[in-house]
>>> print(open('target_29.txt').read())   # compact mmCIF, C-alpha atoms (C1' of nucleotides)
# COMPACT_ATOMS: atom_id res chain seq x y z
CA MET P 1 63.84 129.04 121.09
CA ALA P 2 62.67 125.92 122.86
CA ARG P 3 64.88 122.99 122.03
CA MET P 4 63.31 120.34 119.98
CA GLY P 5 65.20 117.52 121.67
CA LEU P 6 66.26 115.89 118.45
CA THR P 7 68.08 112.60 118.43
CA THR P 8 69.02 110.30 115.60
CA GLN P 9 66.24 108.00 116.68
CA ARG P 10 63.51 110.65 116.73
CA VAL P 11 64.66 112.02 113.39
CA THR P 12 64.54 108.56 111.90
CA VAL P 13 61.03 107.89 113.17
CA ALA P 14 59.84 111.26 111.90
CA ALA P 15 61.32 110.46 108.52
CA ALA P 16 59.57 107.10 108.51
CA ASP P 17 56.24 108.67 109.41
CA LEU P 18 56.75 111.22 106.69
CA ALA P 19 57.51 108.45 104.23
CA ASP P 20 54.20 106.78 105.04
CA GLU P 21 52.37 110.05 104.54
CA ILE P 22 53.91 111.44 101.39
CA GLY P 23 55.96 108.58 99.97
CA PHE P 24 59.54 107.50 100.48
CA GLU P 25 60.85 109.71 97.68
CA GLY P 26 59.47 112.67 99.58
CA VAL P 27 61.74 111.94 102.52
CA THR P 28 64.10 114.84 102.27
CA VAL P 29 66.27 116.54 104.84
CA SER P 30 64.30 119.74 104.35
CA ALA P 31 60.96 118.06 104.80
CA VAL P 32 62.00 116.30 107.98
CA ALA P 33 63.54 119.48 109.36
CA ARG P 34 60.32 121.30 108.53
CA SER P 35 58.29 118.70 110.40
CA PHE P 36 60.32 119.54 113.51
CA GLY P 37 60.28 123.25 112.89
CA VAL P 38 64.06 123.48 112.74
CA ARG P 39 66.55 124.43 110.05
CA ASP P 40 67.82 121.88 107.59
CA ALA P 41 71.36 122.21 108.83
CA SER P 42 70.31 121.21 112.32
CA LEU P 43 69.69 117.65 111.28
CA TYR P 44 73.25 117.09 110.24
CA SER P 45 74.31 116.65 113.83
CA HIS P 46 72.14 113.55 113.93
CA ILE P 47 72.43 112.12 110.44
CA LYS P 48 75.31 112.00 108.01
CA ASN P 49 73.38 112.91 104.86
CA VAL P 50 70.13 112.11 103.03
CA HIS P 51 71.25 108.65 102.13
CA ASP P 52 72.11 107.94 105.73
CA LEU P 53 68.68 109.19 106.75
CA ARG P 54 66.92 106.98 104.25
CA ALA P 55 69.05 104.00 105.11
CA ARG P 56 68.05 104.45 108.74
CA VAL P 57 64.41 104.42 107.74
CA ALA P 58 65.07 101.23 105.82
CA VAL P 59 66.71 99.57 108.79
CA LEU P 60 63.86 100.67 111.03
CA ALA P 61 61.27 99.31 108.63
CA LEU P 62 63.13 96.05 108.20
CA ALA P 63 63.19 95.61 111.97
CA GLU P 64 59.51 96.43 112.37
CA LEU P 65 58.55 94.14 109.55
CA ALA P 66 60.62 91.32 111.00
CA GLU P 67 58.98 91.82 114.36
CA ARG P 68 55.47 91.76 112.95
CA VAL P 69 56.19 88.68 110.94
CA ALA P 70 57.79 86.92 113.87
CA ALA P 71 54.79 87.64 116.04
CA ALA P 72 52.44 86.31 113.38
CA LEU P 73 54.50 83.19 113.01
CA ALA P 74 54.54 82.27 116.68
CA GLY P 75 53.01 78.90 117.37
CA ARG P 76 52.00 78.15 113.81
CA ALA P 77 53.21 75.63 111.30
CA GLY P 78 52.57 74.48 107.77
CA LYS P 79 50.06 76.37 105.74
CA ASP P 80 48.92 78.27 108.82
CA ALA P 81 52.40 79.66 109.18
CA LEU P 82 52.65 80.48 105.50
CA VAL P 83 49.40 82.39 105.53
CA ALA P 84 50.18 84.18 108.77
CA PHE P 85 53.58 85.23 107.50
CA ALA P 86 52.23 86.40 104.20
CA ASN P 87 49.37 88.35 105.70
CA ALA P 88 51.61 90.02 108.24
CA TYR P 89 53.99 90.99 105.46
CA ARG P 90 51.26 92.40 103.25
CA ALA P 91 49.52 94.15 106.12
CA TYR P 92 52.70 95.93 107.10
CA ALA P 93 53.27 97.07 103.55
CA GLY P 94 49.69 98.26 103.34
CA GLU P 95 49.78 100.17 106.60
CA HIS P 96 53.24 101.61 106.03
CA PRO P 97 53.75 102.11 102.33
CA GLY P 98 56.60 104.56 102.80
CA ARG P 99 58.43 102.39 105.29
CA TYR P 100 57.91 99.39 103.07
CA ALA P 101 59.27 101.23 100.06
CA ALA P 102 62.33 102.01 102.15
CA THR P 103 63.06 98.33 102.62
CA ARG P 104 63.84 98.12 98.91
CA LEU P 105 66.68 100.59 99.31
CA GLN P 106 70.00 99.16 98.28
CA LEU P 107 71.84 99.01 101.59
CA GLU P 108 75.59 98.76 101.76
CA PRO P 109 76.66 95.31 102.95
CA GLU P 110 77.81 96.41 106.41
CA VAL P 111 74.53 98.13 107.15
CA ALA P 112 72.49 95.29 105.76
CA ALA P 113 74.39 92.80 107.85
CA ALA P 114 73.86 94.80 111.02
CA SER P 115 70.16 95.12 110.26
CA ALA P 116 67.32 92.67 110.38
CA ALA P 117 67.61 91.70 106.73
CA GLY P 118 69.04 88.37 107.70
CA ARG P 119 66.34 87.77 110.26
CA HIS P 120 63.85 88.01 107.47
CA ALA P 121 65.42 85.19 105.55
CA ALA P 122 65.71 83.16 108.70
CA MET P 123 62.01 83.43 109.30
CA THR P 124 61.14 82.56 105.78
CA ARG P 125 63.13 79.42 106.31
CA ALA P 126 61.17 78.81 109.47
CA ILE P 127 58.00 78.56 107.41
CA LEU P 128 59.56 75.94 105.27
CA ARG P 129 60.21 73.69 108.21
CA GLY P 130 56.61 72.66 107.88
CA TYR P 131 57.33 71.47 104.37
CA ALA P 132 60.01 68.86 103.81
CA LEU P 133 62.55 70.76 101.71
CA GLU P 134 66.28 70.12 101.56
CA GLU P 135 68.92 72.43 100.18
CA PRO P 136 69.12 73.76 97.57
CA ASP P 137 65.34 73.48 97.16
CA GLN P 138 64.90 75.41 100.34
CA THR P 139 66.83 78.41 99.02
CA ASP P 140 64.86 78.29 95.80
CA ALA P 141 61.61 78.20 97.72
CA VAL P 142 62.64 81.09 99.95
CA ARG P 143 63.39 83.15 96.88
CA LEU P 144 60.10 82.24 95.29
CA LEU P 145 58.15 83.13 98.40
CA HIS P 146 59.95 86.41 98.84
CA SER P 147 59.40 87.22 95.19
CA VAL P 148 55.69 86.59 95.39
CA PHE P 149 55.26 88.57 98.57
CA HIS P 150 57.32 91.49 97.44
CA GLY P 151 56.05 91.40 93.90
CA TYR P 152 52.42 91.27 94.87
CA VAL P 153 52.68 93.98 97.47
CA SER P 154 54.74 96.15 95.18
CA LEU P 155 52.38 95.83 92.24
CA GLU P 156 49.39 96.35 94.47
CA GLY P 157 51.02 99.44 95.89
CA THR P 158 51.50 101.01 92.48
CA GLY P 159 47.91 100.30 91.57
CA ALA P 160 48.64 97.58 89.04
CA PHE P 161 45.59 95.57 90.11
CA LEU P 162 43.07 98.34 89.84
CA ASN P 163 42.19 97.75 86.20
CA THR P 164 40.57 94.41 86.84
CA PRO P 165 37.47 94.31 89.02
CA ARG P 166 38.58 91.22 90.95
CA ALA P 167 39.48 92.17 94.52
CA ALA P 168 43.14 92.15 95.39
CA ASP P 169 42.41 90.26 98.61
CA ALA P 170 40.84 87.37 96.78
CA SER P 171 43.74 86.92 94.38
CA TRP P 172 46.14 87.15 97.27
CA SER P 173 44.37 84.41 99.11
CA ARG P 174 44.36 82.15 96.07
CA SER P 175 48.01 82.84 95.45
CA LEU P 176 48.76 81.64 98.95
CA ASP P 177 46.77 78.47 98.28
CA ALA P 178 48.88 78.02 95.17
CA LEU P 179 52.10 78.54 97.09
CA ASP P 180 51.05 76.03 99.69
CA MET P 181 50.49 73.54 96.94
CA VAL P 182 53.88 74.18 95.38
CA LEU P 183 55.68 73.84 98.65
CA SER P 184 53.84 70.62 99.43
CA ASN P 185 54.78 69.07 96.09
CA TRP P 186 58.04 70.81 95.26
CA PRO P 187 59.11 69.72 91.78
CA THR P 188 62.23 67.65 92.37
CA ALA P 189 63.29 66.97 88.80
CA GLY P 190 62.49 69.84 86.50
CA ARG P 191 62.43 68.12 83.12
CA ASP P 192 58.90 67.10 82.18
CA ARG P 193 55.68 67.98 80.50
CA MET N 1 76.36 126.57 67.68
CA ALA N 2 75.36 123.50 65.76
CA ARG N 3 71.85 122.46 66.54
CA MET N 4 71.53 119.28 68.41
CA GLY N 5 68.39 118.23 66.57
CA LEU N 6 66.50 117.39 69.72
CA THR N 7 63.06 115.89 69.60
CA THR N 8 60.87 114.47 72.30
CA GLN N 9 61.70 111.01 71.03
CA ARG N 10 65.46 111.48 71.08
CA VAL N 11 65.33 113.07 74.50
CA THR N 12 63.31 110.15 75.79
CA VAL N 13 65.72 107.58 74.39
CA ALA N 14 68.68 109.45 75.81
CA ALA N 15 66.96 109.51 79.18
CA ALA N 16 66.30 105.79 78.94
CA ASP N 17 69.93 105.07 78.07
CA LEU N 18 71.01 107.25 80.94
CA ALA N 19 68.69 105.34 83.24
CA ASP N 20 70.33 102.07 82.27
CA GLU N 21 73.76 103.53 82.91
CA ILE N 22 73.32 105.37 86.17
CA GLY N 23 69.93 104.25 87.46
CA PHE N 24 66.45 105.59 86.99
CA GLU N 25 66.73 107.98 89.94
CA GLY N 26 69.64 109.59 88.17
CA VAL N 27 67.43 110.59 85.26
CA THR N 28 67.30 114.29 85.78
CA VAL N 29 66.65 117.12 83.38
CA SER N 30 70.15 118.42 83.99
CA ALA N 31 71.80 115.09 83.33
CA VAL N 32 69.94 114.53 80.09
CA ALA N 33 70.68 118.07 78.94
CA ARG N 34 74.33 117.51 79.78
CA SER N 35 74.38 114.33 77.71
CA PHE N 36 73.34 116.42 74.71
CA GLY N 37 75.60 119.31 75.56
CA VAL N 38 72.72 121.75 75.81
CA ARG N 39 71.27 123.84 78.61
CA ASP N 40 68.66 122.48 80.97
CA ALA N 41 66.07 124.94 79.80
CA SER N 42 66.40 123.73 76.23
CA LEU N 43 64.72 120.46 77.07
CA TYR N 44 61.52 122.10 78.14
CA SER N 45 60.50 122.59 74.53
CA HIS N 46 60.33 118.83 74.25
CA ILE N 47 59.18 117.67 77.64
CA LYS N 48 56.77 119.17 80.12
CA ASN N 49 58.78 118.53 83.27
CA VAL N 50 60.83 115.81 84.96
CA HIS N 51 57.85 113.69 85.68
CA ASP N 52 56.81 113.86 82.07
CA LEU N 53 60.31 112.86 81.04
CA ARG N 54 60.33 109.88 83.37
CA ALA N 55 56.84 108.85 82.37
CA ARG N 56 57.96 108.83 78.75
CA VAL N 57 60.82 106.55 79.66
CA ALA N 58 58.34 104.29 81.42
CA VAL N 59 56.07 104.13 78.38
CA LEU N 60 59.04 103.43 76.15
CA ALA N 61 60.24 100.64 78.39
CA LEU N 62 56.77 99.14 78.67
CA ALA N 63 56.51 99.04 74.89
CA GLU N 64 59.95 97.51 74.45
CA LEU N 65 59.27 94.93 77.11
CA ALA N 66 55.94 94.03 75.56
CA GLU N 67 57.61 93.63 72.20
CA ARG N 68 60.34 91.38 73.52
CA VAL N 69 57.87 89.26 75.36
CA ALA N 70 55.57 89.00 72.36
CA ALA N 71 58.43 87.87 70.17
CA ALA N 72 59.46 85.25 72.69
CA LEU N 73 55.92 83.98 72.95
CA ALA N 74 55.39 83.50 69.23
CA GLY N 75 54.57 79.95 68.32
CA ARG N 76 54.87 78.55 71.81
CA ALA N 77 52.33 77.11 74.18
CA GLY N 78 52.06 75.59 77.64
CA LYS N 79 55.18 75.47 79.73
CA ASP N 80 57.30 76.46 76.75
CA ALA N 81 55.38 79.68 76.51
CA LEU N 82 55.61 80.27 80.24
CA VAL N 83 59.37 79.82 80.27
CA ALA N 84 59.90 81.91 77.15
CA PHE N 85 57.79 84.73 78.53
CA ALA N 86 59.52 84.63 81.88
CA ASN N 87 62.99 84.54 80.42
CA ALA N 88 62.30 87.38 78.02
CA TYR N 89 60.93 89.42 80.90
CA ARG N 90 63.91 88.77 83.13
CA ALA N 91 66.42 89.26 80.33
CA TYR N 92 64.99 92.67 79.53
CA ALA N 93 65.17 93.71 83.14
CA GLY N 94 68.73 92.47 83.35
CA GLU N 95 69.87 94.25 80.22
CA HIS N 96 67.99 97.44 80.94
CA PRO N 97 67.81 97.94 84.68
CA GLY N 98 67.04 101.63 84.40
CA ARG N 99 64.32 101.17 81.84
CA TYR N 100 62.87 98.33 83.87
CA ALA N 101 62.84 100.44 87.01
CA ALA N 102 60.92 103.03 85.04
CA THR N 103 58.13 100.58 84.39
CA ARG N 104 57.33 100.67 88.09
CA LEU N 105 56.56 104.36 87.90
CA GLN N 106 53.05 105.19 88.92
CA LEU N 107 51.54 106.38 85.64
CA GLU N 108 48.42 108.47 85.54
CA PRO N 109 45.50 106.44 84.19
CA GLU N 110 45.28 108.18 80.79
CA VAL N 111 48.98 107.64 80.08
CA ALA N 112 48.85 104.08 81.26
CA ALA N 113 45.85 103.36 79.07
CA ALA N 114 47.57 104.79 76.02
CA SER N 115 50.69 102.78 76.73
CA ALA N 116 51.46 99.12 76.38
CA ALA N 117 50.57 98.31 79.96
CA GLY N 118 47.42 96.60 78.83
CA ARG N 119 49.24 94.62 76.20
CA HIS N 120 51.33 93.14 78.94
CA ALA N 121 48.33 91.75 80.74
CA ALA N 122 46.91 90.50 77.47
CA MET N 123 50.01 88.49 76.82
CA THR N 124 50.14 87.08 80.27
CA ARG N 125 46.64 85.82 79.60
CA ALA N 126 47.90 84.33 76.37
CA ILE N 127 50.23 82.11 78.35
CA LEU N 128 47.35 80.87 80.37
CA ARG N 129 45.53 79.63 77.32
CA GLY N 130 47.78 76.62 77.53
CA TYR N 131 46.39 75.91 80.97
CA ALA N 132 42.68 75.44 81.44
CA LEU N 133 41.77 78.36 83.69
CA GLU N 134 38.42 80.12 83.88
CA GLU N 135 37.72 83.48 85.43
CA PRO N 136 38.29 84.51 88.12
CA ASP N 137 41.08 81.97 88.44
CA GLN N 138 42.69 83.42 85.37
CA THR N 139 42.95 86.88 86.89
CA ASP N 140 44.37 85.41 90.06
CA ALA N 141 46.94 83.47 88.07
CA VAL N 142 47.93 86.52 86.03
CA ARG N 143 48.53 88.42 89.22
CA LEU N 144 50.55 85.62 90.70
CA LEU N 145 52.70 85.31 87.61
CA HIS N 146 53.28 89.02 87.37
CA SER N 147 54.13 89.13 91.06
CA VAL N 148 56.70 86.39 90.76
CA PHE N 149 58.31 87.88 87.69
CA HIS N 150 58.43 91.38 89.02
CA GLY N 151 59.32 90.33 92.54
CA TYR N 152 62.14 88.08 91.47
CA VAL N 153 63.64 90.54 89.04
CA SER N 154 63.28 93.36 91.48
CA LEU N 155 64.89 91.51 94.35
CA GLU N 156 67.63 90.23 92.10
CA GLY N 157 68.25 93.77 90.90
CA THR N 158 68.75 95.10 94.40
CA GLY N 159 71.16 92.31 95.20
CA ALA N 160 68.88 90.46 97.57
CA PHE N 161 70.10 87.07 96.35
CA LEU N 162 73.80 87.71 96.72
CA ASN N 163 74.05 86.49 100.31
CA THR N 164 73.32 82.90 99.43
CA PRO N 165 75.77 81.06 97.19
CA ARG N 166 73.03 79.40 95.13
CA ALA N 167 72.96 80.90 91.63
CA ALA N 168 70.04 83.16 90.81
CA ASP N 169 69.56 81.40 87.48
CA ALA N 170 69.01 78.06 89.12
CA SER N 171 66.40 79.32 91.55
CA TRP N 172 64.67 81.14 88.72
CA SER N 173 64.45 77.99 86.69
CA ARG N 174 63.03 76.04 89.60
CA SER N 175 60.54 78.75 90.33
CA LEU N 176 59.28 78.44 86.77
CA ASP N 177 58.91 74.71 87.25
CA ALA N 178 56.92 75.45 90.35
CA LEU N 179 54.71 77.93 88.53
CA ASP N 180 54.06 75.45 85.77
CA MET N 181 52.93 72.99 88.38
CA VAL N 182 50.62 75.46 90.03
CA LEU N 183 49.03 76.46 86.77
CA SER N 184 48.54 72.85 85.80
CA ASN N 185 46.81 72.02 89.08
CA TRP N 186 45.26 75.32 90.06
CA PRO N 187 43.67 74.91 93.49
CA THR N 188 39.97 75.21 92.84
CA ALA N 189 38.66 75.07 96.40
CA GLY N 190 40.96 76.81 98.83
CA ARG N 191 40.07 75.24 102.14
CA ASP N 192 42.18 72.20 102.91
CA ARG N 193 45.25 70.78 104.52
C1' DC K 1 76.08 128.47 142.82
C1' DG K 2 78.87 129.66 139.11
C1' DA K 3 82.11 127.98 135.63
C1' DC K 4 82.77 124.53 131.78
C1' DG K 5 82.31 121.62 128.40
C1' DA K 6 79.17 119.12 125.51
C1' DT K 7 75.36 119.36 122.75
C1' DA K 8 71.54 121.37 120.17
C1' DC K 9 70.40 124.53 117.13
C1' DC K 10 71.29 128.69 114.10
C1' DT K 11 73.18 131.79 110.20
C1' DA K 12 75.68 132.04 106.08
C1' DA K 13 77.46 130.23 101.98
C1' DT K 14 77.97 127.08 97.95
C1' DA K 15 76.25 123.95 94.65
C1' DA K 16 72.95 120.95 91.92
C1' DC K 17 68.48 120.52 90.06
C1' DA K 18 63.61 122.20 88.37
C1' DT K 19 61.19 125.52 86.10
C1' DT K 20 59.56 129.87 83.80
C1' DA K 21 59.99 133.98 80.84
C1' DG K 22 61.74 136.11 77.11
C1' DG K 23 65.26 136.59 73.33
C1' DC K 24 68.11 135.19 69.23
C1' DT K 25 68.99 132.39 65.09
C1' DA K 26 69.24 128.49 62.05
C1' DA K 27 65.95 125.89 59.10
C1' DA K 28 62.09 125.15 56.41
C1' DC K 29 58.65 126.80 53.35
C1' DC K 30 56.44 129.34 50.04
C1' DG D 1 64.72 135.85 49.76
C1' DG D 2 61.69 137.09 53.36
C1' DT D 3 58.79 135.08 56.87
C1' DT D 4 57.49 131.78 60.09
C1' DT D 5 58.60 128.03 63.07
C1' DA D 6 61.24 125.70 66.07
C1' DG D 7 65.47 124.91 68.61
C1' DC D 8 68.51 126.66 71.69
C1' DC D 9 70.21 130.34 74.89
C1' DT D 10 70.50 133.70 79.02
C1' DA D 11 68.57 135.18 83.17
C1' DA D 12 66.04 134.62 87.22
C1' DT D 13 63.70 132.12 91.10
C1' DG D 14 62.84 128.46 94.28
C1' DT D 15 63.98 123.95 96.56
C1' DT D 16 67.14 120.75 98.34
C1' DA D 17 71.87 119.06 100.02
C1' DT D 18 75.76 120.09 102.54
C1' DT D 19 79.65 122.42 105.03
C1' DA D 20 81.72 125.81 108.20
C1' DG D 21 81.54 128.23 112.04
C1' DG D 22 78.80 130.69 115.70
C1' DT D 23 75.56 130.98 119.84
C1' DA D 24 72.83 129.29 123.37
C1' DT D 25 71.26 125.84 126.50
C1' DC D 26 72.02 121.88 129.38
C1' DG D 27 74.08 118.84 132.73
C1' DT D 28 77.83 118.43 135.81
C1' DC D 29 81.40 119.26 138.89
C1' DG D 30 84.21 122.13 141.90
>>> encode(input="target_29.txt", output="structure tokens")
Amino acid sequence: MARMGLTTQRVTVAAADLADEIGFEGVTVSAVARSFGVRDASLYSHIKNVHDLRARVAVLALAELAERVAAALAGRAGKDALVAFANAYRAYAGEHPGRYAATRLQLEPEVAAASAAGRHAAMTRAILRGYALEEPDQTDAVRLLHSVFHGYVSLEGTGAFLNTPRAADASWSRSLDALDMVLSNWPTAGRDR
Amino acid sequence: MARMGLTTQRVTVAAADLADEIGFEGVTVSAVARSFGVRDASLYSHIKNVHDLRARVAVLALAELAERVAAALAGRAGKDALVAFANAYRAYAGEHPGRYAATRLQLEPEVAAASAAGRHAAMTRAILRGYALEEPDQTDAVRLLHSVFHGYVSLEGTGAFLNTPRAADASWSRSLDALDMVLSNWPTAGRDR
DNA sequence: CGACGATACCTAATAACATTAGGCTAAACC
DNA sequence: GGTTTAGCCTAATGTTATTAGGTATCGTCG
């Protein structure tokens, strides 16, 4: 009958670890309770419900990701910054697939605001300081970057690149070269060719 | 006691429709059975289990998406083709969020092979015929395109672009301009700047 | 130190979903 | 028209989510 010393924080971390092991969909109240050796009902003193649990994992992952990216970005500029950001992003997703999947959870506005979601966008904008982009080009570029990063990582995660022999790393690297080129020569007009 | 006339095909379509209405996660054996007014167990003559049901929705969606994209691509080349492909892709995802979500399901290799997944890649390559790209650049470009399309649509679907006032359509359009530029001047070396 | 209140965890109970086994009956096919 | 097939049902079991209410352990204060 030793107490397990549960707290919302510990439960959240356990859920996140579980997500990385068995996938985010596998993050269930029962599974987390099992990992602590306690009854399902015992977790409800610490979390509101499954959705709350998953949302907490999402917020945790968002914060961790933001931290990693920020660290990678420190002291860099231009293409260096772009590559560092992108690699940190992809590395996190690769090391923590479950946590990363959690970041795609649809968070309610209040939660999202309180979390590091905004910090993410802020840092993406930081990259762009190296490239001379005004609004609204900057917003467009942020969206493009985020799309590429998320899209690539997401497709890679579901094995979409396994059919072709070409290594995923190589394509990633070339995609970053391409992005650097786009950002350097952002198409100002739009009507041509 | 009128028979419902269920078949695997009808069950799959009903599941797909349900997915578009309430989200792909909501596609459950119970819910589909309910939509037909039959018992849960009755569906098991037509599907193997939930995963089978969801996989069928995924295959259906992949085929529909491939068809839409192929139609849009007919008779176009170069940037026209790129834009038509991209818009067809995004439109499908917008009209059928549940079906689109299903396409991200991890399919077992045999199922994926039998499905239209390969056709998708083939068509992406068709776009690239308008741009002079050799292997392995072509593979890299296909991955980049797919990443942007999927990433954008996915982020848009989870409301990631709602914070900023800039319209999602506008950024999309500019991103396509950017992609056209990248494909036209694909970075051959990689080390510069 | 012993009482007290807060907190951590438990049992019990209900409900939705997934799945299997076995039965009944409407339809289709000579 | 009788038989086979296939479509649907009931019954039963296991997992997960969630609530209500109980017990035990901990820190704290008199």
>>> residues_around(input="target_29.txt", residues="Gln106 of chain P", least_positions_apart="4", cutoff="12 Å", atoms="only C-alpha atoms (C1' of nucleotides)", output="tab-separated table (two decimals) with C-alpha atoms, in the frame of the given file")
chain	number	residue	atom	x	y	z
P	51	HIS	CA	71.25	108.65	102.13
P	52	ASP	CA	72.11	107.94	105.73
P	54	ARG	CA	66.92	106.98	104.25
P	55	ALA	CA	69.05	104.00	105.11
P	56	ARG	CA	68.05	104.45	108.74
P	58	ALA	CA	65.07	101.23	105.82
P	59	VAL	CA	66.71	99.57	108.79
P	101	ALA	CA	59.27	101.23	100.06
P	102	ALA	CA	62.33	102.01	102.15
P	110	GLU	CA	77.81	96.41	106.41
P	111	VAL	CA	74.53	98.13	107.15
P	112	ALA	CA	72.49	95.29	105.76
P	117	ALA	CA	67.61	91.70	106.73
N	23	GLY	CA	69.93	104.25	87.46
N	154	SER	CA	63.28	93.36	91.48
N	155	LEU	CA	64.89	91.51	94.35
N	156	GLU	CA	67.63	90.23	92.10
N	157	GLY	CA	68.25	93.77	90.90
N	158	THR	CA	68.75	95.10	94.40
N	159	GLY	CA	71.16	92.31	95.20
N	160	ALA	CA	68.88	90.46	97.57
>>> interface_residues(input="target_29.txt", of="chain N", to="chain D", cutoff="8 Å", atoms="only C-alpha atoms (C1' of nucleotides)", output="ChimeraX atom specification")
/N:3,5-6,38-39,42
>>> write_last_selection(input="target_29.txt", atoms="C-alpha atoms", output="mmCIF file, keeping the file's coordinate frame")
data_model
loop_
_atom_site.group_PDB
_atom_site.id
_atom_site.type_symbol
_atom_site.label_atom_id
_atom_site.label_comp_id
_atom_site.auth_asym_id
_atom_site.auth_seq_id
_atom_site.Cartn_x
_atom_site.Cartn_y
_atom_site.Cartn_z
ATOM 1 C CA ARG N 3 71.850 122.460 66.540
ATOM 2 C CA GLY N 5 68.390 118.230 66.570
ATOM 3 C CA LEU N 6 66.500 117.390 69.720
ATOM 4 C CA VAL N 38 72.720 121.750 75.810
ATOM 5 C CA ARG N 39 71.270 123.840 78.610
ATOM 6 C CA SER N 42 66.400 123.730 76.230
#
>>> interface_residues(input="target_29.txt", of="chain N", to="chain P", cutoff="8 Å", atoms="all atoms listed in the file", output="PyMOL selection string")
chain N and resi 79+104-106+136+139-141+143-144+146-152+154-155+158-159+161+164+166+170-172+174-175+177-179+181-182+186-187+190+193
>>> write_last_selection(input="target_29.txt", atoms="C-alpha atoms", output="PDB file, in the frame of the given file")
ATOM      1  CA  LYS N  79      55.180  75.470  79.730  1.00  0.00           C
ATOM      2  CA  ARG N 104      57.330 100.670  88.090  1.00  0.00           C
ATOM      3  CA  LEU N 105      56.560 104.360  87.900  1.00  0.00           C
ATOM      4  CA  GLN N 106      53.050 105.190  88.920  1.00  0.00           C
ATOM      5  CA  PRO N 136      38.290  84.510  88.120  1.00  0.00           C
ATOM      6  CA  THR N 139      42.950  86.880  86.890  1.00  0.00           C
ATOM      7  CA  ASP N 140      44.370  85.410  90.060  1.00  0.00           C
ATOM      8  CA  ALA N 141      46.940  83.470  88.070  1.00  0.00           C
ATOM      9  CA  ARG N 143      48.530  88.420  89.220  1.00  0.00           C
ATOM     10  CA  LEU N 144      50.550  85.620  90.700  1.00  0.00           C
ATOM     11  CA  HIS N 146      53.280  89.020  87.370  1.00  0.00           C
ATOM     12  CA  SER N 147      54.130  89.130  91.060  1.00  0.00           C
ATOM     13  CA  VAL N 148      56.700  86.390  90.760  1.00  0.00           C
ATOM     14  CA  PHE N 149      58.310  87.880  87.690  1.00  0.00           C
ATOM     15  CA  HIS N 150      58.430  91.380  89.020  1.00  0.00           C
ATOM     16  CA  GLY N 151      59.320  90.330  92.540  1.00  0.00           C
ATOM     17  CA  TYR N 152      62.140  88.080  91.470  1.00  0.00           C
ATOM     18  CA  SER N 154      63.280  93.360  91.480  1.00  0.00           C
ATOM     19  CA  LEU N 155      64.890  91.510  94.350  1.00  0.00           C
ATOM     20  CA  THR N 158      68.750  95.100  94.400  1.00  0.00           C
ATOM     21  CA  GLY N 159      71.160  92.310  95.200  1.00  0.00           C
ATOM     22  CA  PHE N 161      70.100  87.070  96.350  1.00  0.00           C
ATOM     23  CA  THR N 164      73.320  82.900  99.430  1.00  0.00           C
ATOM     24  CA  ARG N 166      73.030  79.400  95.130  1.00  0.00           C
ATOM     25  CA  ALA N 170      69.010  78.060  89.120  1.00  0.00           C
ATOM     26  CA  SER N 171      66.400  79.320  91.550  1.00  0.00           C
ATOM     27  CA  TRP N 172      64.670  81.140  88.720  1.00  0.00           C
ATOM     28  CA  ARG N 174      63.030  76.040  89.600  1.00  0.00           C
ATOM     29  CA  SER N 175      60.540  78.750  90.330  1.00  0.00           C
ATOM     30  CA  ASP N 177      58.910  74.710  87.250  1.00  0.00           C
ATOM     31  CA  ALA N 178      56.920  75.450  90.350  1.00  0.00           C
ATOM     32  CA  LEU N 179      54.710  77.930  88.530  1.00  0.00           C
ATOM     33  CA  MET N 181      52.930  72.990  88.380  1.00  0.00           C
ATOM     34  CA  VAL N 182      50.620  75.460  90.030  1.00  0.00           C
ATOM     35  CA  TRP N 186      45.260  75.320  90.060  1.00  0.00           C
ATOM     36  CA  PRO N 187      43.670  74.910  93.490  1.00  0.00           C
ATOM     37  CA  GLY N 190      40.960  76.810  98.830  1.00  0.00           C
ATOM     38  CA  ARG N 193      45.250  70.780 104.520  1.00  0.00           C
TER      39      ARG N 193
END
>>> closest_residue(input="target_29.txt", among="N:Ile47, N:Ala14, N:Leu73, N:Val29", to="DA16 of chain K", atoms="all atoms listed in the file")
N:Val29
>>> interface_residues(input="target_29.txt", of="chain N", to="chain K", cutoff="12 Å", atoms="all atoms listed in the file", output="PyMOL selection string")
chain N and resi 1-5+26-33+40-45+47-51
>>> atom_distance(input="target_29.txt", atom1="atom CA of Leu65 of chain P", atom2="atom CA of His96 of chain P")
9.8 Å
>>> atom_distance(input="target_29.txt", atom1="atom CA of Ala15 of chain P", atom2="atom CA of Phe85 of chain P")
26.4 Å
>>> closest_residue(input="target_29.txt", among="N:Val69, N:His120, N:Leu162, N:Arg129", to="Ala91 of chain N", atoms="only C-alpha atoms")
N:Val69
>>> atom_distance(input="target_29.txt", atom1="atom CA of Glu67 of chain P", atom2="atom CA of Glu134 of chain P")
26.2 Å
>>> residues_around(input="target_29.txt", residues="Leu60 of chain N", least_positions_apart="5", cutoff="9 Å", atoms="all atoms listed in the file", output="ChimeraX atom specification")
/N:12-13,16,55,65,99,103,115-116
